[in-house]
file target-v4.csv (CSV, N, CA, C and O atoms)
chain,number,residue,atom,x,y,z
Q,114,MET,N,106.0,-132.5,-116.9
Q,114,MET,CA,107.3,-132.4,-117.5
Q,114,MET,C,107.4,-131.1,-118.4
Q,114,MET,O,108.4,-130.4,-118.3
Q,115,ALA,N,106.4,-130.8,-119.1
Q,115,ALA,CA,106.4,-129.6,-119.9
Q,115,ALA,C,106.4,-128.3,-119.1
Q,115,ALA,O,107.0,-127.3,-119.4
Q,116,ASN,N,105.7,-128.3,-117.9
Q,116,ASN,CA,105.8,-127.2,-117.0
Q,116,ASN,C,107.2,-126.9,-116.5
Q,116,ASN,O,107.6,-125.8,-116.3
Q,117,ALA,N,107.9,-127.9,-116.2
Q,117,ALA,CA,109.3,-127.8,-115.7
Q,117,ALA,C,110.2,-127.1,-116.7
Q,117,ALA,O,111.0,-126.3,-116.4
Q,118,THR,N,110.0,-127.4,-118.0
Q,118,THR,CA,110.8,-126.8,-119.1
Q,118,THR,C,110.4,-125.4,-119.2
Q,118,THR,O,111.3,-124.5,-119.4
Q,119,LYS,N,109.1,-125.0,-119.1
Q,119,LYS,CA,108.7,-123.6,-119.2
Q,119,LYS,C,109.3,-122.8,-118.1
Q,119,LYS,O,109.8,-121.7,-118.3
Q,120,THR,N,109.3,-123.3,-116.9
Q,120,THR,CA,109.8,-122.6,-115.7
Q,120,THR,C,111.3,-122.5,-115.8
Q,120,THR,O,111.8,-121.4,-115.4
Q,121,LYS,N,112.0,-123.4,-116.3
Q,121,LYS,CA,113.4,-123.4,-116.4
Q,121,LYS,C,113.9,-122.4,-117.4
Q,121,LYS,O,114.9,-121.7,-117.2
Q,122,ASN,N,113.2,-122.2,-118.5
Q,122,ASN,CA,113.6,-121.2,-119.6
Q,122,ASN,C,113.0,-119.8,-119.4
Q,122,ASN,O,113.3,-119.0,-120.2
Q,123,LYS,N,112.3,-119.6,-118.3
Q,123,LYS,CA,111.6,-118.3,-118.0
Q,123,LYS,C,112.7,-117.3,-117.7
Q,123,LYS,O,113.6,-117.6,-116.9
Q,124,LYS,N,112.6,-116.1,-118.2
Q,124,LYS,CA,113.5,-115.0,-117.9
Q,124,LYS,C,113.2,-114.5,-116.4
Q,124,LYS,O,112.1,-114.6,-116.0
Q,125,PRO,N,114.2,-114.0,-115.8
Q,125,PRO,CA,114.0,-113.3,-114.5
Q,125,PRO,C,113.1,-112.1,-114.7
Q,125,PRO,O,113.0,-111.6,-115.8
Q,126,ASN,N,112.4,-111.7,-113.7
Q,126,ASN,CA,111.5,-110.5,-113.9
Q,126,ASN,C,112.3,-109.3,-114.2
Q,126,ASN,O,113.5,-109.2,-114.1
Q,127,TRP,N,111.5,-108.3,-114.7
Q,127,TRP,CA,112.1,-107.1,-115.2
Q,127,TRP,C,113.0,-106.4,-114.2
Q,127,TRP,O,114.1,-105.8,-114.6
Q,128,PHE,N,112.6,-106.3,-113.0
Q,128,PHE,CA,113.4,-105.6,-111.9
Q,128,PHE,C,114.7,-106.2,-111.7
Q,128,PHE,O,115.7,-105.6,-111.5
Q,129,LYS,N,114.8,-107.5,-111.7
Q,129,LYS,CA,116.0,-108.3,-111.5
Q,129,LYS,C,116.9,-108.0,-112.7
Q,129,LYS,O,118.2,-107.8,-112.5
Q,130,ARG,N,116.4,-108.0,-113.9
Q,130,ARG,CA,117.2,-107.8,-115.1
Q,130,ARG,C,117.8,-106.3,-115.1
Q,130,ARG,O,119.0,-106.1,-115.4
Q,131,VAL,N,116.9,-105.4,-114.8
Q,131,VAL,CA,117.4,-104.0,-114.7
Q,131,VAL,C,118.4,-103.8,-113.6
Q,131,VAL,O,119.5,-103.1,-113.8
Q,132,GLY,N,118.2,-104.4,-112.5
Q,132,GLY,CA,119.1,-104.3,-111.4
Q,132,GLY,C,120.5,-104.9,-111.7
Q,132,GLY,O,121.5,-104.3,-111.4
Q,133,ALA,N,120.5,-106.0,-112.4
Q,133,ALA,CA,121.7,-106.7,-112.8
Q,133,ALA,C,122.4,-105.8,-113.8
Q,133,ALA,O,123.7,-105.7,-113.8
Q,134,LYS,N,121.7,-105.2,-114.7
Q,134,LYS,CA,122.3,-104.3,-115.8
Q,134,LYS,C,122.9,-103.1,-115.1
Q,134,LYS,O,124.0,-102.7,-115.5
Q,135,LEU,N,122.2,-102.5,-114.1
Q,135,LEU,CA,122.8,-101.3,-113.4
Q,135,LEU,C,124.0,-101.7,-112.6
Q,135,LEU,O,125.0,-101.0,-112.6
Q,136,LYS,N,124.0,-102.8,-112.0
Q,136,LYS,CA,125.2,-103.3,-111.3
Q,136,LYS,C,126.4,-103.5,-112.2
Q,136,LYS,O,127.5,-103.1,-111.9
Q,137,GLU,N,126.1,-104.1,-113.3
Q,137,GLU,CA,127.2,-104.3,-114.4
Q,137,GLU,C,127.7,-102.9,-114.9
Q,137,GLU,O,128.9,-102.8,-115.0
Q,138,THR,N,126.8,-102.0,-115.1
Q,138,THR,CA,127.2,-100.7,-115.6
Q,138,THR,C,128.1,-99.9,-114.6
Q,138,THR,O,129.1,-99.4,-114.9
Q,139,PHE,N,127.7,-99.9,-113.3
Q,139,PHE,CA,128.5,-99.3,-112.3
Q,139,PHE,C,129.9,-100.0,-112.1
Q,139,PHE,O,130.9,-99.3,-111.9
Q,140,SER,N,129.9,-101.3,-112.3
Q,140,SER,CA,131.1,-102.0,-112.2
Q,140,SER,C,132.1,-101.6,-113.3
Q,140,SER,O,133.3,-101.4,-113.1
Q,141,GLU,N,131.5,-101.4,-114.5
Q,141,GLU,CA,132.4,-100.9,-115.7
Q,141,GLU,C,132.8,-99.5,-115.4
Q,141,GLU,O,134.0,-99.1,-115.8
Q,142,ILE,N,132.0,-98.6,-114.9
Q,142,ILE,CA,132.4,-97.2,-114.7
Q,142,ILE,C,133.5,-97.1,-113.7
Q,142,ILE,O,134.4,-96.3,-113.9
Q,143,LYS,N,133.6,-98.0,-112.7
Q,143,LYS,CA,134.7,-98.0,-111.7
Q,143,LYS,C,136.0,-98.3,-112.4
Q,143,LYS,O,137.1,-97.8,-112.0
Q,144,ARG,N,136.0,-99.0,-113.5
Q,144,ARG,CA,137.2,-99.5,-114.2
Q,144,ARG,C,137.7,-98.5,-115.2
Q,144,ARG,O,138.8,-98.6,-115.8
Q,145,VAL,N,136.9,-97.4,-115.5
Q,145,VAL,CA,137.2,-96.5,-116.5
Q,145,VAL,C,138.4,-95.6,-116.1
Q,145,VAL,O,138.4,-95.2,-114.9
Q,146,THR,N,139.3,-95.3,-117.0
Q,146,THR,CA,140.4,-94.4,-116.7
Q,146,THR,C,140.0,-93.0,-117.2
Q,146,THR,O,139.9,-92.8,-118.4
Q,147,TRP,N,139.7,-92.1,-116.3
Q,147,TRP,CA,139.2,-90.8,-116.7
Q,147,TRP,C,140.4,-89.9,-117.1
Q,147,TRP,O,141.4,-89.9,-116.4
Q,148,PRO,N,140.3,-89.0,-118.1
Q,148,PRO,CA,141.4,-88.2,-118.5
Q,148,PRO,C,141.6,-87.0,-117.4
Q,148,PRO,O,140.6,-86.7,-116.8
Q,149,LYS,N,142.8,-86.5,-117.4
Q,149,LYS,CA,143.1,-85.4,-116.5
Q,149,LYS,C,142.5,-84.1,-117.1
Q,149,LYS,O,142.3,-84.0,-118.3
Q,150,PHE,N,142.3,-83.1,-116.3
Q,150,PHE,CA,141.7,-81.9,-116.8
Q,150,PHE,C,142.5,-81.2,-117.9
Q,150,PHE,O,141.8,-80.7,-118.9
Q,151,PRO,N,143.8,-81.1,-117.8
Q,151,PRO,CA,144.5,-80.5,-118.9
Q,151,PRO,C,144.3,-81.2,-120.3
Q,151,PRO,O,144.2,-80.6,-121.3
Q,152,THR,N,144.2,-82.5,-120.2
Q,152,THR,CA,144.0,-83.3,-121.4
Q,152,THR,C,142.6,-83.0,-122.0
Q,152,THR,O,142.4,-82.8,-123.2
Q,153,VAL,N,141.6,-82.8,-121.1
Q,153,VAL,CA,140.2,-82.5,-121.5
Q,153,VAL,C,140.2,-81.1,-122.2
Q,153,VAL,O,139.6,-80.9,-123.2
Q,154,LEU,N,140.9,-80.1,-121.6
Q,154,LEU,CA,141.0,-78.8,-122.2
Q,154,LEU,C,141.6,-78.8,-123.5
Q,154,LEU,O,141.2,-78.2,-124.5
Q,155,LYS,N,142.7,-79.6,-123.7
Q,155,LYS,CA,143.5,-79.6,-124.9
Q,155,LYS,C,142.6,-80.2,-126.0
Q,155,LYS,O,142.5,-79.7,-127.1
Q,156,THR,N,142.0,-81.3,-125.7
Q,156,THR,CA,141.2,-82.0,-126.8
Q,156,THR,C,139.9,-81.2,-127.1
Q,156,THR,O,139.5,-81.2,-128.2
Q,157,THR,N,139.3,-80.5,-126.1
Q,157,THR,CA,138.2,-79.6,-126.3
Q,157,THR,C,138.6,-78.5,-127.3
Q,157,THR,O,137.9,-78.1,-128.2
Q,158,GLY,N,139.8,-77.9,-127.0
Q,158,GLY,CA,140.3,-76.9,-127.9
Q,158,GLY,C,140.4,-77.4,-129.3
Q,158,GLY,O,140.1,-76.7,-130.3
Q,159,VAL,N,141.0,-78.6,-129.5
Q,159,VAL,CA,141.2,-79.1,-130.8
Q,159,VAL,C,139.8,-79.3,-131.5
Q,159,VAL,O,139.7,-79.0,-132.7
Q,160,VAL,N,138.9,-79.8,-130.8
Q,160,VAL,CA,137.5,-80.0,-131.4
Q,160,VAL,C,136.9,-78.7,-131.8
Q,160,VAL,O,136.4,-78.6,-132.9
Q,161,LEU,N,137.0,-77.7,-131.0
Q,161,LEU,CA,136.5,-76.4,-131.3
Q,161,LEU,C,137.2,-75.8,-132.5
Q,161,LEU,O,136.5,-75.2,-133.4
Q,162,VAL,N,138.5,-75.9,-132.7
Q,162,VAL,CA,139.2,-75.4,-133.8
Q,162,VAL,C,138.8,-76.1,-135.1
Q,162,VAL,O,138.5,-75.5,-136.1
Q,163,VAL,N,138.6,-77.5,-135.0
Q,163,VAL,CA,138.2,-78.2,-136.2
Q,163,VAL,C,136.8,-77.9,-136.6
Q,163,VAL,O,136.5,-77.7,-137.8
Q,164,VAL,N,135.9,-77.8,-135.7
Q,164,VAL,CA,134.5,-77.4,-136.0
Q,164,VAL,C,134.4,-76.0,-136.6
Q,164,VAL,O,133.7,-75.8,-137.6
Q,165,THR,N,135.2,-75.1,-136.0
Q,165,THR,CA,135.2,-73.7,-136.6
Q,165,THR,C,135.8,-73.7,-138.0
Q,165,THR,O,135.2,-73.0,-138.9
Q,166,ALA,N,136.8,-74.5,-138.3
Q,166,ALA,CA,137.4,-74.6,-139.6
Q,166,ALA,C,136.4,-75.1,-140.6
Q,166,ALA,O,136.2,-74.5,-141.7
Q,167,PHE,N,135.7,-76.2,-140.2
Q,167,PHE,CA,134.7,-76.7,-141.1
Q,167,PHE,C,133.5,-75.8,-141.3
Q,167,PHE,O,132.9,-75.7,-142.4
Q,168,LEU,N,133.1,-75.1,-140.2
Q,168,LEU,CA,132.1,-74.1,-140.3
Q,168,LEU,C,132.4,-73.0,-141.4
Q,168,LEU,O,131.6,-72.6,-142.2
Q,169,LEU,N,133.6,-72.5,-141.3
Q,169,LEU,CA,134.1,-71.5,-142.2
Q,169,LEU,C,134.1,-72.0,-143.7
Q,169,LEU,O,133.7,-71.3,-144.6
Q,170,ILE,N,134.6,-73.2,-143.8
Q,170,ILE,CA,134.6,-73.8,-145.2
Q,170,ILE,C,133.2,-74.0,-145.8
Q,170,ILE,O,133.0,-73.6,-146.9
Q,171,ILE,N,132.3,-74.5,-145.0
Q,171,ILE,CA,131.0,-74.7,-145.4
Q,171,ILE,C,130.3,-73.4,-145.7
Q,171,ILE,O,129.5,-73.2,-146.7
Q,172,MET,N,130.5,-72.4,-144.8
Q,172,MET,CA,129.9,-71.0,-145.1
Q,172,MET,C,130.5,-70.4,-146.4
Q,172,MET,O,129.7,-69.8,-147.1
Q,173,GLY,N,131.8,-70.6,-146.7
Q,173,GLY,CA,132.3,-70.1,-147.9
Q,173,GLY,C,131.7,-70.8,-149.1
Q,173,GLY,O,131.4,-70.1,-150.1
Q,174,VAL,N,131.6,-72.1,-149.1
Q,174,VAL,CA,131.0,-72.8,-150.2
Q,174,VAL,C,129.5,-72.4,-150.4
Q,174,VAL,O,129.1,-72.1,-151.5
Q,175,ASP,N,128.8,-72.2,-149.3
Q,175,ASP,CA,127.4,-71.8,-149.3
Q,175,ASP,C,127.3,-70.4,-150.0
Q,175,ASP,O,126.5,-70.1,-150.8
Q,176,ARG,N,128.2,-69.5,-149.5
Q,176,ARG,CA,128.2,-68.1,-150.1
Q,176,ARG,C,128.5,-68.1,-151.6
Q,176,ARG,O,127.9,-67.4,-152.4
Q,177,GLY,N,129.5,-68.9,-151.9
Q,177,GLY,CA,129.9,-69.1,-153.4
Q,177,GLY,C,128.7,-69.6,-154.2
Q,177,GLY,O,128.5,-69.1,-155.3
Q,178,LEU,N,128.1,-70.6,-153.7
Q,178,LEU,CA,126.9,-71.1,-154.4
Q,178,LEU,C,125.8,-70.1,-154.5
Q,178,LEU,O,125.1,-70.1,-155.5
Q,179,MET,N,125.6,-69.3,-153.5
Q,179,MET,CA,124.5,-68.3,-153.5
Q,179,MET,C,124.9,-67.3,-154.6
Q,179,MET,O,124.0,-66.8,-155.3
Q,180,GLU,N,126.1,-66.9,-154.6
Q,180,GLU,CA,126.6,-65.9,-155.6
Q,180,GLU,C,126.4,-66.5,-157.0
Q,180,GLU,O,125.9,-65.8,-158.0
Q,181,LEU,N,126.7,-67.7,-157.2
Q,181,LEU,CA,126.6,-68.4,-158.5
Q,181,LEU,C,125.1,-68.4,-158.9
Q,181,LEU,O,124.7,-68.2,-160.0
Q,182,LEU,N,124.2,-68.8,-157.9
Q,182,LEU,CA,122.8,-68.8,-158.2
Q,182,LEU,C,122.3,-67.4,-158.6
Q,182,LEU,O,121.4,-67.3,-159.4
Q,183,GLY,N,122.8,-66.4,-157.9
Q,183,GLY,CA,122.4,-65.0,-158.2
Q,183,GLY,C,122.8,-64.7,-159.6
Q,183,GLY,O,122.0,-64.0,-160.3
Q,184,LEU,N,124.0,-65.1,-160.1
Q,184,LEU,CA,124.4,-64.8,-161.4
Q,184,LEU,C,123.5,-65.5,-162.4
Q,184,LEU,O,123.2,-65.0,-163.5
Q,185,LEU,N,123.2,-66.8,-162.1
Q,185,LEU,CA,122.4,-67.6,-163.1
Q,185,LEU,C,120.9,-67.1,-163.2
Q,185,LEU,O,120.3,-67.2,-164.2
Q,186,THR,N,120.4,-66.5,-162.1
Q,186,THR,CA,119.0,-66.0,-162.1
Q,186,THR,C,118.9,-64.6,-162.3
Q,186,THR,O,117.8,-64.0,-162.3
Q,187,ASN,N,120.1,-63.9,-162.5
Q,187,ASN,CA,120.1,-62.4,-162.8
Q,187,ASN,C,119.5,-61.6,-161.7
Q,187,ASN,O,118.7,-60.7,-162.0
Q,188,LYS,N,119.7,-61.9,-160.5
Q,188,LYS,CA,119.2,-61.1,-159.4
Q,188,LYS,C,120.3,-60.4,-158.7
Q,188,LYS,O,121.3,-60.7,-158.5
call {"tool": "encode", "arguments": {"input": "target-v4.csv", "output": "structure tokens"}}
result
Amino acid sequence: MANATKTKNKKPNWFKRVGAKLKETFSEIKRVTWPKFPTVLKTTGVVLVVVTAFLLIIMGVDRGLMELLGLLTNK
């Protein structure tokens, strides 16, 4: 009786689990609505502009702090 319980609760082997997960993943990918190319270009442009803006802000703050440090250390 104890052997039947162990066999019943045993996981499927690794290959079956990976195969089932891959099948599930490909099934989900088929249902995805992919954006059109102009939408991708527009959103990529927005991302690049925002990243550039933050880059410039952080560079400005860094430069200001370096100047302040220079004044404090008399260099």
call {"tool": "atom_distance", "arguments": {"input": "target-v4.csv", "atom1": "atom N of Q:Leu182", "atom2": "atom N of Q:Leu168"}}
result
20.8 Å
call {"tool": "atom_distance", "arguments": {"input": "target-v4.csv", "atom1": "atom CA of Q:Ile170", "atom2": "atom CA of Q:Lys155"}}
result
22.9 Å
call {"tool": "atom_distance", "arguments": {"input": "target-v4.csv", "atom1": "atom N of Q:Gly173", "atom2": "atom O of Q:Leu161"}}
result
14.8 Å
call {"tool": "select_by_dssp", "arguments": {"input": "target-v4.csv", "residues": "chain Q", "states": "helix (DSSP H, G or I)", "output": "JSON, numbers by chain"}}
result
{"Q": [115, 116, 117, 118, 119, 120, 121, 127, 128, 129, 130, 131, 132, 133, 134, 135, 136, 137, 138, 139, 140, 141, 142, 143, 144, 150, 151, 152, 153, 154, 155, 156, 157, 158, 159, 160, 161, 162, 163, 164, 165, 166, 167, 168, 169, 170, 171, 172, 173, 174, 175, 176, 177, 178, 179, 180, 181, 182, 183, 184, 185, 186]}
call {"tool": "build_atoms", "arguments": {"input": "target-v4.csv", "residues": "stretch 156-167 of chain Q", "atoms": "all heavy atoms", "output": "PDB file, in the coordinates of the input"}}
result
ATOM      1  N   THR Q 156     142.000 -81.300-125.700  1.00  0.00           N
ATOM      2  CA  THR Q 156     141.200 -82.000-126.800  1.00  0.00           C
ATOM      3  C   THR Q 156     139.900 -81.200-127.100  1.00  0.00           C
ATOM      4  O   THR Q 156     139.500 -81.200-128.200  1.00  0.00           O
ATOM      5  CB  THR Q 156     140.765 -83.433-126.322  1.00  0.00           C
ATOM      6  OG1 THR Q 156     140.137 -83.386-125.048  1.00  0.00           O
ATOM      7  CG2 THR Q 156     141.985 -84.327-126.249  1.00  0.00           C
ATOM      8  N   THR Q 157     139.300 -80.500-126.100  1.00  0.00           N
ATOM      9  CA  THR Q 157     138.200 -79.600-126.300  1.00  0.00           C
ATOM     10  C   THR Q 157     138.600 -78.500-127.300  1.00  0.00           C
ATOM     11  O   THR Q 157     137.900 -78.100-128.200  1.00  0.00           O
ATOM     12  CB  THR Q 157     137.618 -79.083-125.032  1.00  0.00           C
ATOM     13  OG1 THR Q 157     137.219 -80.175-124.199  1.00  0.00           O
ATOM     14  CG2 THR Q 157     136.422 -78.185-125.279  1.00  0.00           C
ATOM     15  N   GLY Q 158     139.800 -77.900-127.000  1.00  0.00           N
ATOM     16  CA  GLY Q 158     140.300 -76.900-127.900  1.00  0.00           C
ATOM     17  C   GLY Q 158     140.400 -77.400-129.300  1.00  0.00           C
ATOM     18  O   GLY Q 158     140.100 -76.700-130.300  1.00  0.00           O
ATOM     19  N   VAL Q 159     141.000 -78.600-129.500  1.00  0.00           N
ATOM     20  CA  VAL Q 159     141.200 -79.100-130.800  1.00  0.00           C
ATOM     21  C   VAL Q 159     139.800 -79.300-131.500  1.00  0.00           C
ATOM     22  O   VAL Q 159     139.700 -79.000-132.700  1.00  0.00           O
ATOM     23  CB  VAL Q 159     141.954 -80.465-130.771  1.00  0.00           C
ATOM     24  CG1 VAL Q 159     141.922 -81.188-132.101  1.00  0.00           C
ATOM     25  CG2 VAL Q 159     143.376 -80.238-130.310  1.00  0.00           C
ATOM     26  N   VAL Q 160     138.900 -79.800-130.800  1.00  0.00           N
ATOM     27  CA  VAL Q 160     137.500 -80.000-131.400  1.00  0.00           C
ATOM     28  C   VAL Q 160     136.900 -78.700-131.800  1.00  0.00           C
ATOM     29  O   VAL Q 160     136.400 -78.600-132.900  1.00  0.00           O
ATOM     30  CB  VAL Q 160     136.608 -80.765-130.379  1.00  0.00           C
ATOM     31  CG1 VAL Q 160     135.157 -80.716-130.830  1.00  0.00           C
ATOM     32  CG2 VAL Q 160     137.063 -82.194-130.187  1.00  0.00           C
ATOM     33  N   LEU Q 161     137.000 -77.700-131.000  1.00  0.00           N
ATOM     34  CA  LEU Q 161     136.500 -76.400-131.300  1.00  0.00           C
ATOM     35  C   LEU Q 161     137.200 -75.800-132.500  1.00  0.00           C
ATOM     36  O   LEU Q 161     136.500 -75.200-133.400  1.00  0.00           O
ATOM     37  CB  LEU Q 161     136.593 -75.412-130.120  1.00  0.00           C
ATOM     38  CG  LEU Q 161     135.673 -75.733-128.947  1.00  0.00           C
ATOM     39  CD1 LEU Q 161     135.964 -74.797-127.784  1.00  0.00           C
ATOM     40  CD2 LEU Q 161     134.218 -75.653-129.346  1.00  0.00           C
ATOM     41  N   VAL Q 162     138.500 -75.900-132.700  1.00  0.00           N
ATOM     42  CA  VAL Q 162     139.200 -75.400-133.800  1.00  0.00           C
ATOM     43  C   VAL Q 162     138.800 -76.100-135.100  1.00  0.00           C
ATOM     44  O   VAL Q 162     138.500 -75.500-136.100  1.00  0.00           O
ATOM     45  CB  VAL Q 162     140.720 -75.529-133.613  1.00  0.00           C
ATOM     46  CG1 VAL Q 162     141.478 -75.312-134.905  1.00  0.00           C
ATOM     47  CG2 VAL Q 162     141.184 -74.548-132.545  1.00  0.00           C
ATOM     48  N   VAL Q 163     138.600 -77.500-135.000  1.00  0.00           N
ATOM     49  CA  VAL Q 163     138.200 -78.200-136.200  1.00  0.00           C
ATOM     50  C   VAL Q 163     136.800 -77.900-136.600  1.00  0.00           C
ATOM     51  O   VAL Q 163     136.500 -77.700-137.800  1.00  0.00           O
ATOM     52  CB  VAL Q 163     138.399 -79.741-135.947  1.00  0.00           C
ATOM     53  CG1 VAL Q 163     137.757 -80.563-137.042  1.00  0.00           C
ATOM     54  CG2 VAL Q 163     139.868 -80.095-135.800  1.00  0.00           C
ATOM     55  N   VAL Q 164     135.900 -77.800-135.700  1.00  0.00           N
ATOM     56  CA  VAL Q 164     134.500 -77.400-136.000  1.00  0.00           C
ATOM     57  C   VAL Q 164     134.400 -76.000-136.600  1.00  0.00           C
ATOM     58  O   VAL Q 164     133.700 -75.800-137.600  1.00  0.00           O
ATOM     59  CB  VAL Q 164     133.636 -77.540-134.698  1.00  0.00           C
ATOM     60  CG1 VAL Q 164     132.281 -76.893-134.912  1.00  0.00           C
ATOM     61  CG2 VAL Q 164     133.470 -78.994-134.297  1.00  0.00           C
ATOM     62  N   THR Q 165     135.200 -75.100-136.000  1.00  0.00           N
ATOM     63  CA  THR Q 165     135.200 -73.700-136.600  1.00  0.00           C
ATOM     64  C   THR Q 165     135.800 -73.700-138.000  1.00  0.00           C
ATOM     65  O   THR Q 165     135.200 -73.000-138.900  1.00  0.00           O
ATOM     66  CB  THR Q 165     136.044 -72.788-135.677  1.00  0.00           C
ATOM     67  OG1 THR Q 165     135.518 -72.837-134.350  1.00  0.00           O
ATOM     68  CG2 THR Q 165     136.009 -71.367-136.181  1.00  0.00           C
ATOM     69  N   ALA Q 166     136.800 -74.500-138.300  1.00  0.00           N
ATOM     70  CA  ALA Q 166     137.400 -74.600-139.600  1.00  0.00           C
ATOM     71  C   ALA Q 166     136.400 -75.100-140.600  1.00  0.00           C
ATOM     72  O   ALA Q 166     136.200 -74.500-141.700  1.00  0.00           O
ATOM     73  CB  ALA Q 166     138.644 -75.426-139.600  1.00  0.00           C
ATOM     74  N   PHE Q 167     135.700 -76.200-140.200  1.00  0.00           N
ATOM     75  CA  PHE Q 167     134.700 -76.700-141.100  1.00  0.00           C
ATOM     76  C   PHE Q 167     133.500 -75.800-141.300  1.00  0.00           C
ATOM     77  O   PHE Q 167     132.900 -75.700-142.400  1.00  0.00           O
ATOM     78  CB  PHE Q 167     134.172 -78.098-140.618  1.00  0.00           C
ATOM     79  CG  PHE Q 167     135.047 -79.240-141.040  1.00  0.00           C
ATOM     80  CD1 PHE Q 167     135.893 -79.854-140.133  1.00  0.00           C
ATOM     81  CD2 PHE Q 167     135.035 -79.697-142.343  1.00  0.00           C
ATOM     82  CE1 PHE Q 167     136.710 -80.902-140.519  1.00  0.00           C
ATOM     83  CE2 PHE Q 167     135.843 -80.739-142.747  1.00  0.00           C
ATOM     84  CZ  PHE Q 167     136.684 -81.341-141.831  1.00  0.00           C
TER      85      PHE Q 167
END
